[in-house]
Each structure stands twice: as structure tokens, then as C-alpha cells.
Amino acid sequence: MSNALSDAMTHADWQRLASELRIETRAFIDDAFVDAQSGETFASINPATGDTLAEVASCDAADAEKAVARARRAFDEGAWSRRSPGARKAVLLRFAELMQTHKQELALLDTLDMGKPIGSSLGDMGGAIACLRHHAESIDKLYGEVAPTGDDALGLVLREPLGVVASIVPWNFPLMMTAWKIAPALAAGNSVILKPSEKSPLSALRLAALAREAGLPAGVFQVLPGFGHTVGKALALSMGVDCLAFTGSTAVGKQLMQYAGQSNLKRVYLECGGKSPNLVFADCKDLDAVARHAAEAIFHNQGEVCIAASRLLVDNRIRETFVDKLLAAAEHMQPGDPLDPASFMGAMVDRTQYQRVLDYIRRGIDEGATLRSGGSASEGPGLFIPPTIFDGVTPSMAIGREEIFGPVLSVFGFDTEEEAVALANDSDYGLAAGVWSQDIDRIMRVSRRLQSGQVYVNNWAGMDQTVPFGGVKQSGNGRDKSHHSLEEYSDLKTVWISLTP
Ligand code: NAD
């Protein structure tokens with residue numbers, strides 16, 4: 001399917017395209033689509049309908065071993081790793097162009113696979129393509145260094161690719177998270193093995209075909225669908241993998257660090273979970289607009305967002321009014337058919353995640369928080385949960401501390417700026433935080449004190465390919481996007497040349 005149709009597609013257009021879609025289900029190893037060696041498959045289920053979309057190859061340790069050996073051979077042979085940066089750039093720009101051409105198909109695969117609204121999936125494609133273009137364009141502008149050693153030696157500081165990079169990614173933004181990992185790793189000259197989430201493998205497999213069409217040499221980009229405890233673990237424990245680039249939960253991130261320690265001390269970049277605080281001070285000018293943004297900040301993508309603003313901290317002087325405005329805003333954010341461009345929220349990714357969110361809602365009620373909206377799931381085969389808002393949440397409650405990864409907002413009150421900052425920082429996580437205020441002194445003070453990789457002032461989730469994205473504390477240690485992520489995928493080598501007369 002090409003991008004010939006305009007972006008102004010209707011619900012019926014998307015339904016028709018979905019019915020015509022051909023889905024690749026096999027792993028991409030070496031330069032070919034193949035079944036898992038075991039012959040095992042797993043089902044990809046559309047969570048909005050309960051229909052099985054495909055039976056996908058379920059790779060395991062044997063497939064991982066084969067892919068790692070092929071990736072290593074490709075790296076050592078140098079068809080990509082030693083190709084000039086300018087030539088790599090040309091291939092990656094062609095890859096980005098192909099993604100652009102097939103943007104609608106890729107977006108559709110993500111929407112069918114994990115339930116997110118089609119408008120949101122299309123937005124993700126824009127981010128993914130921009131990421132690939134950015135790193136392609138950057139790679140032939142990255143210089144090495146000559147160290148200031150003095151006249152009797154030349155100290156060269158060279159940048160070299162790491163070798164074999166395994167990218168293990170989650171399901172909430174399947175293709176965009178993939179692009180954030182593979183674009184800088186490929187640009188830097190590495191061989192990359194992608195392990196998509198077992199909950200959203202389809203767009204990654206389509207991507208493999210586009211990579212081949214763009215001209216990436218055999219073994220440089222391979223895709224292994226399958227489960228974390230099988231193929232993911234095998235990659236993480238492999239002696240042939242030099243770097244794990246991971247996005248996912250904090251619990252799995254901790255396991256990957258252990259696997260690295262048990263094997264070859266591969267470097268591990270982690271982008272993990274969050275429980276992000278959004279601070280609303282009483283001096284905000286337009287509380288209706290702030291309430292709308294605060295609702296979007298948690299309910300976008302069904303709350304299945306690492307930087308979901310799941311803790312809303314509101315000055316007690318305006319809290320009651322503000323929560324009323326929040327309820328009004330959330331009314332317009334009800335879940336609907338993900339293929340309808342008008343839907344703001346879609347379906348939860350699978351029954352496990354759906355049940356987990358409902359269990360948290362039950363715990364919130366049991367722990368004494370006040371349920372102000374939502375709270376119960378819709379009937380039917382689709383896994384839909386409406387925007388759910390709890391007021392009167394305290395830090396000791398599970399819904400106030402733990403990452404739910406669903407459309408559940410916990411509202412806290414505060415009386416002073418000091419208390420707001422302390423509440424915000426009282427978390428294992430440090431991914432994102434928001435400050436809403438008109439007072440520039442306060443904005444500067446609070447932004448500096450928040451323990452967070454991102455601080456958004458009078459907006460939520462403002463971002464661009466040019467700025468780094470990542471967390472502190474148990475939200476991780478890596479940075480996606482910007483030239484900082486490109487640097488992560490190369491090593492510094494010193495060449496010391498004696499200049500003896
Ligand atoms: P997850 O940790 O369950 O899975 C992520 C990936 O790791 C999947 O591909 C999975 O198969 C694999 N995996 C699981 N166990 C493994 C193991 N033992 N060894 C190797 N691989 C293993 O996370 P998820 O449910 O897919 O995604 C949701 C989580 O991702 C949330 O915590 C969310 O906050 C986080 N996330 C973070 C960011 C960020 O940039 N910080 C972005 C998106 C999502």
C-alpha cells in the first residue's frame with residue numbers, strides 16, 4: 001500500500017484499507033523472511049475487536065544465536081560499518097523516504113496491533129521519519145578530535161561503531177520507539193537486531209522489508225519477533241551483542257543490567273517507566289485551557305505513555321474548581337474505534353493490561369481515594385476503559401505511586417510551593433514533570449528542583465527531534481533523540497602517534 005491517498009482519510013477509508021492489508025508474519029534474519037526455527041507462532045490480536053490479525057513467528061534462543069552471528073559477520077566484513085558516513089546517509093535517507101511513502105500502512109499496522117487511535121499512529125510516523133532523517137543527516141557532520149598533546153605526539157580521538165546492537169522495544173509507540181533506537185545505531189555504523197514487543201510486532205516486520213528495499217546490506221538490520229523471556233533474554237545474555245538499547249518497564253530494565261553483568265558487560269541503555277507529576281499553581285491565567293492540557297497529558301494514547309502526567313498536583317486554593325474543569329475536559333476524550341480519526345482514545349493493548357488497569361482502579365477505591373469519573377470498563381469484545389479521575393490521592397496509595405499505564409489520573413492537593421516540589425520528587429521515577437504558572441521566578445526555581453529528565457513549562461510533552469529524551473532515577477539512564485543519542489552508539493578510540501624527529 002502506498003501513501004497515495006491523502007491524510008484526510010475517513011473512518012470508512014481506514015476500515016477498507018484494514019480489510020485489504022497484507023501482513024508479514026515471519027522473522028527477518030540475514031536477508032530473508034523466515035519462520036522461527038522451532039516453527040512456533042503467537043497470535044497478534046486486535047484489542048478493539050478481539051479478532052486475530054495474524055500468527056507471528058515466535059523466535060527463541062536458536063534464532064537469536066543465528067541473527068547475532070550474522071550481525072557480527074556483517075559488522076566485521078564492513079559493508080556497512082566501514083562504509084563512508086556520506087554513503088550510509090544516502091541509504092538511510094532512502095529508508096526514511098520509503099517510510100514516508102508507506103506511512104499510512106505502517107500507522108494502520110500499529111493501530112490494529114495495539115489499539116491506539118489512527119490519528120495518533122500517523123503522528124508517530126512523522127516522529128519516526130524525522131528521527132531517521134535527523135540521524136542520517138547528522139552522521140557525516142560528526143568530527144573526531146585532535147587532542148592538545150604538544151608537539152611530540154598526535155593524539156587522535158576517533159569515533160567507532162560499537163558492533164552489534166540489540167534494540168528491545170515496547171508496544172505503546174511501536175514504530176516511533178523503534179526509530180528512536182535503530183536510527184542512531186544504524187547511522188553510527190552498527191549492525192542492529194530489533195526485538196519488537198510480542199504485543200505489537202507487525203510494523204517492525206514491515207520495516208524490515210523497507211530497510212532491505214532501501215539498500216541496507218544483509219545482516220545489518222534484522223527483526224526477531226517473540227517473547228521477552230525467550231528471544232529477548234537470549235539477546236541480552238548473548239556474548240556477541242555489544243549493546244542493549246532498551247525501552248520498557250523498570251522491572252525488565254533491572255533484569256537486563258543483570259544479564260549484561262552475567263555475560264559480557266555489554267553496555268545497557270535504559271528508557272524505563274514513569275509516574276510523572278504535573279504541577280498546577282494558583283496563578284495560572286486560563287484554568288480551562290490548563291485543565292484541557294492536563295487531561296490530554298494523561299488520557300492521550302489511553303494513558304499508555306511513559307511520560308503520562310499521571311500525578312496531578314494542584315494548589316488547594318483552586319483545586320475544587322480545577323477538578324470540575326478537568327471532568328468537563330475528560331468528557332470529550334471518551335474511547336472509540338481506533339480506526340475512526342475522530343477517536344481521542346482507543347483500546348487498551350491486551351487483556352492483561354486492561355485487567356491491570358481495572359485492578360488499580362479497584363485499589364484506588366479501596367484505599368479511600370474519591371472516584372470522580374470513569375472507573376468501569378465498557379461492555380463488549382473491545383478493551384475500552386474511559387478516562388478515570390481520582391481526587392484526594394495521597395503518596396501512600398498505590399494509585400499515587402505506581403505506574404498504572406492506563407487512563408487513570410491521581411489528583412493531589414498542595415498548599416505551598418515547597419510541598420509541591422517535595423510531593424513531585426517523592427517517587428522512584430524521574431521521567432517527566434510539568435509546571436503551570438505565570439510567575440517566572442517560580443518557574444525557574446521549581447524547574448531546577450524537579451528530579452526529572454524532562455520539565456515542561458506551560459505545556460505537556462513539548463518535544464522535537466533536536467532535544468534529548470530520557471529519564472533520571474529509576475526511569476533510566478539513556479537519552480533518545482538529538483545528537484546525544486547518536487554519540488551513545490559509538491565508542492571513542494585514542495590513536496597516539498609519536499612524532500619523533
Ligand atoms: P516491558 O518491560 O514488559 O517490555 C519491553 C520489551 O522488553 C518487550 O519487547 C518485551 O518482550 C521485552 N522483555 C520482557 N522481558 C524481557 C526479558 N526478561 N529479557 C529481555 N527482554 C524482555 O514493557 P512494556 O509493557 O512493553 O512497555 C511498557 C513500559 O515501557 C512502561 O513501563 C513504560 O513507561 C515504558 N516506556 C518507557 C519509555 C521511555 O522512553 N522511557 C517509552 C515507552 C515506554
# chains A, B, ... in the order shown; residues from 1 in each chain; ligands from 1
call {"tool": "residues_around", "arguments": {"residues": "Leu98 of chain A", "least_positions_apart": "5", "cutoff": "10 Å", "atoms": "only C-alpha atoms", "output": "VMD selection string"}}
result
chain A and resid 2 to 3 92 to 93 103 129 207 210 to 211 213 to 214
call {"tool": "residues_near_ligand", "arguments": {"ligand": "ligand 1", "cutoff": "8 Å", "atoms": "only C-alpha atoms and all ligand atoms", "output": "NGL selection string"}}
result
:A and (168-173 or 177 or 195-199 or 226-236 or 246-253 or 255-256 or 270-274 or 304-307 or 403 or 405 or 431 or 469-471 or 475-476 or 480)
call {"tool": "residues_around", "arguments": {"residues": "Arg449 of chain A", "least_positions_apart": "5", "cutoff": "10 Å", "atoms": "only C-alpha atoms", "output": "list in words"}}
result
Val421, Ala422, Ala424, Asn425 and Met444 of chain A
call {"tool": "residues_around", "arguments": {"residues": "segment 486-495 of chain A", "least_positions_apart": "5", "cutoff": "9 Å", "atoms": "only C-alpha atoms", "output": "list in words"}}
result
His135, Ser138, Ile139, Gly144, Leu154, Gly155, Leu156, Val157, Leu158, Arg159, Glu160, Pro161, Leu162, Gly163, Val165, Ala183, Pro184, Ala185, Leu186, Ala187, Ala188, Gly189, Asn190, Cys243, Tyr269, Gly478, Arg479, Asp480 and Lys481 of chain A
call {"tool": "atom_distance", "arguments": {"atom1": "atom CA of Ser203 of chain A", "atom2": "atom CA of Leu175 of chain A"}}
result
6.5 Å
call {"tool": "residues_around", "arguments": {"residues": "Ser482 of chain A", "least_positions_apart": "2", "cutoff": "7 Å", "atoms": "only C-alpha atoms", "output": "list in words"}}
result
Gln465, Thr466, Val467, Pro468, Asp480, His484 and Ser485 of chain A
call {"tool": "closest_atom_pairs", "arguments": {"of": "segment 370-453 of chain A", "to": "segment 319-324 of chain A", "cutoff": "12 Å", "atoms": "only C-alpha atoms", "output": "CSV"}}
result
residue,atom,partner,partner_atom,distance
A:Thr370,CA,A:Val323,CA,11.6
A:Leu371,CA,A:Val323,CA,11.5
A:Arg372,CA,A:Val323,CA,8.7
A:Ser373,CA,A:Val323,CA,10.4
A:Ile389,CA,A:Val323,CA,8.9
A:Phe390,CA,A:Val323,CA,9.6
A:Asp391,CA,A:Val323,CA,7.9
A:Gly392,CA,A:Arg319,CA,10.1
A:Leu409,CA,A:Val323,CA,11.0
A:Ser410,CA,A:Val323,CA,10.9
A:Val411,CA,A:Val323,CA,8.3
A:Phe412,CA,A:Arg319,CA,8.8
A:Gly413,CA,A:Arg319,CA,6.8
A:Phe414,CA,A:Arg319,CA,9.0
A:Asp415,CA,A:Arg319,CA,10.3
call {"tool": "closest_residue", "arguments": {"among": "A:Gly119, A:Pro335, A:Gly127, A:Gly86", "to": "Asp140 of chain A", "atoms": "only C-alpha atoms"}}
result
A:Gly86
call {"tool": "residues_around", "arguments": {"residues": "Ala74 of chain A", "least_positions_apart": "4", "cutoff": "10 Å", "atoms": "only C-alpha atoms", "output": "number ranges by chain"}}
result
A: 30, 68-70, 78-81, 163-164, 190-191, 217-221
call {"tool": "closest_atom_pairs", "arguments": {"of": "segment 40-72 of chain A", "to": "segment 7-24 of chain A", "cutoff": "9 Å", "atoms": "only C-alpha atoms", "output": "CSV"}}
result
residue,atom,partner,partner_atom,distance
A:Leu53,CA,A:Ile23,CA,8.3
A:Ala54,CA,A:Ile23,CA,7.3
A:Val56,CA,A:Glu24,CA,8.2
call {"tool": "write_last_selection", "arguments": {"atoms": "all heavy atoms", "output": "PDB file, in the first residue's frame"}}
result
ATOM      1  N   LEU A  53      -5.340 -11.073  14.153  1.00  0.00           N
ATOM      2  CA  LEU A  53      -4.840 -10.443  12.928  1.00  0.00           C
ATOM      3  C   LEU A  53      -3.895 -11.371  12.192  1.00  0.00           C
ATOM      4  O   LEU A  53      -3.863 -11.416  10.968  1.00  0.00           O
ATOM      5  CB  LEU A  53      -4.058  -9.165  13.274  1.00  0.00           C
ATOM      6  CG  LEU A  53      -4.861  -8.006  13.851  1.00  0.00           C
ATOM      7  CD1 LEU A  53      -3.923  -7.017  14.528  1.00  0.00           C
ATOM      8  CD2 LEU A  53      -5.640  -7.325  12.743  1.00  0.00           C
ATOM      9  N   ALA A  54      -3.061 -12.095  12.954  1.00  0.00           N
ATOM     10  CA  ALA A  54      -2.022 -12.909  12.329  1.00  0.00           C
ATOM     11  C   ALA A  54      -1.427 -13.849  13.364  1.00  0.00           C
ATOM     12  O   ALA A  54      -1.546 -13.616  14.572  1.00  0.00           O
ATOM     13  CB  ALA A  54      -0.915 -11.999  11.790  1.00  0.00           C
ATOM     14  N   VAL A  56       2.232 -14.944  14.333  1.00  0.00           N
ATOM     15  CA  VAL A  56       3.555 -14.375  14.072  1.00  0.00           C
ATOM     16  C   VAL A  56       4.641 -15.341  14.559  1.00  0.00           C
ATOM     17  O   VAL A  56       4.480 -15.987  15.611  1.00  0.00           O
ATOM     18  CB  VAL A  56       3.685 -13.017  14.805  1.00  0.00           C
ATOM     19  CG1 VAL A  56       5.058 -12.398  14.576  1.00  0.00           C
ATOM     20  CG2 VAL A  56       2.590 -12.069  14.341  1.00  0.00           C
TER      21      VAL A  56
END
call {"tool": "select_by_dssp", "arguments": {"residues": "segment 331-425 of chain A", "states": "alpha helix (DSSP H)", "output": "PyMOL selection string"}}
result
chain A and resi 331+351-366+398-401+417-425
call {"tool": "closest_residue", "arguments": {"among": "A:Asn477, A:Asn459, A:Gln334, A:Gln353", "to": "Leu383 of chain A", "atoms": "only C-alpha atoms"}}
result
A:Gln353
call {"tool": "atom_distance", "arguments": {"atom1": "atom CA of Leu327 of chain A", "atom2": "atom CA of Ile118 of chain A"}}
result
24.7 Å
call {"tool": "closest_residue", "arguments": {"among": "A:Pro117, A:Gly39, A:Gly215, A:Pro85", "to": "Asp340 of chain A", "atoms": "only C-alpha atoms"}}
result
A:Pro117
call {"tool": "closest_residue", "arguments": {"among": "A:Ala329, A:Pro277, A:Asp315, A:Ala433", "to": "Arg292 of chain A", "atoms": "only C-alpha atoms"}}
result
A:Ala329
call {"tool": "residues_around", "arguments": {"residues": "Ser200 of chain A", "least_positions_apart": "5", "cutoff": "9 Å", "atoms": "only C-alpha atoms", "output": "number ranges by chain"}}
result
A: 44, 109-110, 113-114, 170-172, 174, 349
call {"tool": "write_last_selection", "arguments": {"atoms": "all heavy atoms", "output": "PDB file, in the first residue's frame"}}
result
ATOM      1  N   SER A  44      -1.318 -12.364  17.084  1.00  0.00           N
ATOM      2  CA  SER A  44      -1.441 -10.916  17.233  1.00  0.00           C
ATOM      3  C   SER A  44      -2.937 -10.614  17.166  1.00  0.00           C
ATOM      4  O   SER A  44      -3.604 -10.929  16.186  1.00  0.00           O
ATOM      5  CB  SER A  44      -0.692 -10.227  16.082  1.00  0.00           C
ATOM      6  OG  SER A  44      -1.209  -8.928  15.905  1.00  0.00           O
ATOM      7  N   LEU A 109      -0.903  -0.629  10.750  1.00  0.00           N
ATOM      8  CA  LEU A 109      -0.424  -1.837  11.437  1.00  0.00           C
ATOM      9  C   LEU A 109      -0.341  -1.589  12.942  1.00  0.00           C
ATOM     10  O   LEU A 109      -0.765  -2.422  13.745  1.00  0.00           O
ATOM     11  CB  LEU A 109       0.947  -2.249  10.878  1.00  0.00           C
ATOM     12  CG  LEU A 109       0.915  -2.891   9.485  1.00  0.00           C
ATOM     13  CD1 LEU A 109       2.323  -2.986   8.907  1.00  0.00           C
ATOM     14  CD2 LEU A 109       0.278  -4.287   9.537  1.00  0.00           C
ATOM     15  N   ASP A 110       0.198  -0.425  13.333  1.00  0.00           N
ATOM     16  CA  ASP A 110       0.300  -0.131  14.770  1.00  0.00           C
ATOM     17  C   ASP A 110      -1.087  -0.025  15.406  1.00  0.00           C
ATOM     18  O   ASP A 110      -1.329  -0.547  16.509  1.00  0.00           O
ATOM     19  CB  ASP A 110       1.074   1.171  15.002  1.00  0.00           C
ATOM     20  CG  ASP A 110       2.589   0.942  14.993  1.00  0.00           C
ATOM     21  OD1 ASP A 110       3.007  -0.220  14.878  1.00  0.00           O
ATOM     22  OD2 ASP A 110       3.340   1.931  15.108  1.00  0.00           O
ATOM     23  N   ASP A 113      -2.701  -3.458  15.673  1.00  0.00           N
ATOM     24  CA  ASP A 113      -1.949  -4.347  16.546  1.00  0.00           C
ATOM     25  C   ASP A 113      -2.127  -4.000  18.022  1.00  0.00           C
ATOM     26  O   ASP A 113      -2.189  -4.883  18.878  1.00  0.00           O
ATOM     27  CB  ASP A 113      -0.461  -4.191  16.185  1.00  0.00           C
ATOM     28  CG  ASP A 113       0.298  -5.485  16.269  1.00  0.00           C
ATOM     29  OD1 ASP A 113      -0.318  -6.502  16.564  1.00  0.00           O
ATOM     30  OD2 ASP A 113       1.519  -5.464  16.031  1.00  0.00           O
ATOM     31  N   MET A 114      -2.158  -2.679  18.336  1.00  0.00           N
ATOM     32  CA  MET A 114      -2.188  -2.340  19.764  1.00  0.00           C
ATOM     33  C   MET A 114      -3.306  -1.381  20.184  1.00  0.00           C
ATOM     34  O   MET A 114      -3.372  -0.996  21.342  1.00  0.00           O
ATOM     35  CB  MET A 114      -0.824  -1.864  20.269  1.00  0.00           C
ATOM     36  CG  MET A 114      -0.181  -0.667  19.653  1.00  0.00           C
ATOM     37  SD  MET A 114      -0.947   0.908  20.088  1.00  0.00           S
ATOM     38  CE  MET A 114      -0.650   1.021  21.844  1.00  0.00           C
ATOM     39  N   PRO A 170       9.127  -1.532  23.424  1.00  0.00           N
ATOM     40  CA  PRO A 170       7.784  -1.817  23.956  1.00  0.00           C
ATOM     41  C   PRO A 170       6.707  -1.654  22.884  1.00  0.00           C
ATOM     42  O   PRO A 170       7.011  -1.438  21.716  1.00  0.00           O
ATOM     43  CB  PRO A 170       7.631  -0.741  25.034  1.00  0.00           C
ATOM     44  CG  PRO A 170       8.333   0.448  24.450  1.00  0.00           C
ATOM     45  CD  PRO A 170       9.464  -0.093  23.621  1.00  0.00           C
ATOM     46  N   TRP A 171       5.448  -1.690  23.330  1.00  0.00           N
ATOM     47  CA  TRP A 171       4.327  -1.715  22.387  1.00  0.00           C
ATOM     48  C   TRP A 171       3.566  -0.403  22.333  1.00  0.00           C
ATOM     49  O   TRP A 171       2.636  -0.263  21.535  1.00  0.00           O
ATOM     50  CB  TRP A 171       3.352  -2.832  22.800  1.00  0.00           C
ATOM     51  CG  TRP A 171       3.041  -2.817  24.282  1.00  0.00           C
ATOM     52  CD1 TRP A 171       3.660  -3.589  25.232  1.00  0.00           C
ATOM     53  CD2 TRP A 171       2.111  -1.990  24.980  1.00  0.00           C
ATOM     54  NE1 TRP A 171       3.164  -3.282  26.478  1.00  0.00           N
ATOM     55  CE2 TRP A 171       2.200  -2.309  26.353  1.00  0.00           C
ATOM     56  CE3 TRP A 171       1.193  -1.022  24.599  1.00  0.00           C
ATOM     57  CZ2 TRP A 171       1.427  -1.685  27.327  1.00  0.00           C
ATOM     58  CZ3 TRP A 171       0.420  -0.396  25.568  1.00  0.00           C
ATOM     59  CH2 TRP A 171       0.546  -0.734  26.924  1.00  0.00           C
ATOM     60  N   ASN A 172       3.866   0.555  23.186  1.00  0.00           N
ATOM     61  CA  ASN A 172       2.935   1.688  23.282  1.00  0.00           C
ATOM     62  C   ASN A 172       3.072   2.686  22.129  1.00  0.00           C
ATOM     63  O   ASN A 172       2.099   3.322  21.740  1.00  0.00           O
ATOM     64  CB  ASN A 172       3.036   2.379  24.640  1.00  0.00           C
ATOM     65  CG  ASN A 172       4.401   2.936  24.926  1.00  0.00           C
ATOM     66  OD1 ASN A 172       5.404   2.464  24.397  1.00  0.00           O
ATOM     67  ND2 ASN A 172       4.453   3.935  25.769  1.00  0.00           N
ATOM     68  N   PRO A 174       4.870   1.622  18.937  1.00  0.00           N
ATOM     69  CA  PRO A 174       5.738   0.572  18.404  1.00  0.00           C
ATOM     70  C   PRO A 174       6.778   1.097  17.423  1.00  0.00           C
ATOM     71  O   PRO A 174       7.974   0.835  17.583  1.00  0.00           O
ATOM     72  CB  PRO A 174       4.759  -0.385  17.727  1.00  0.00           C
ATOM     73  CG  PRO A 174       3.464  -0.148  18.395  1.00  0.00           C
ATOM     74  CD  PRO A 174       3.442   1.291  18.789  1.00  0.00           C
ATOM     75  N   VAL A 349      -4.104  -2.244  25.187  1.00  0.00           N
ATOM     76  CA  VAL A 349      -3.342  -3.106  24.269  1.00  0.00           C
ATOM     77  C   VAL A 349      -3.740  -4.580  24.318  1.00  0.00           C
ATOM     78  O   VAL A 349      -3.811  -5.243  23.288  1.00  0.00           O
ATOM     79  CB  VAL A 349      -1.824  -2.966  24.501  1.00  0.00           C
ATOM     80  CG1 VAL A 349      -1.431  -3.494  25.864  1.00  0.00           C
ATOM     81  CG2 VAL A 349      -1.026  -3.672  23.423  1.00  0.00           C
TER      82      VAL A 349
END
call {"tool": "select_by_dssp", "arguments": {"residues": "segment 338-390 of chain A", "states": "strand (DSSP E)", "output": "JSON, numbers by chain"}}
result
{"A": [370, 371, 372, 373, 388, 389, 390]}
call {"tool": "closest_residue", "arguments": {"among": "A:Ala43, A:Leu339, A:Lys275, A:Leu244", "to": "Leu108 of chain A", "atoms": "only C-alpha atoms"}}
result
A:Leu339
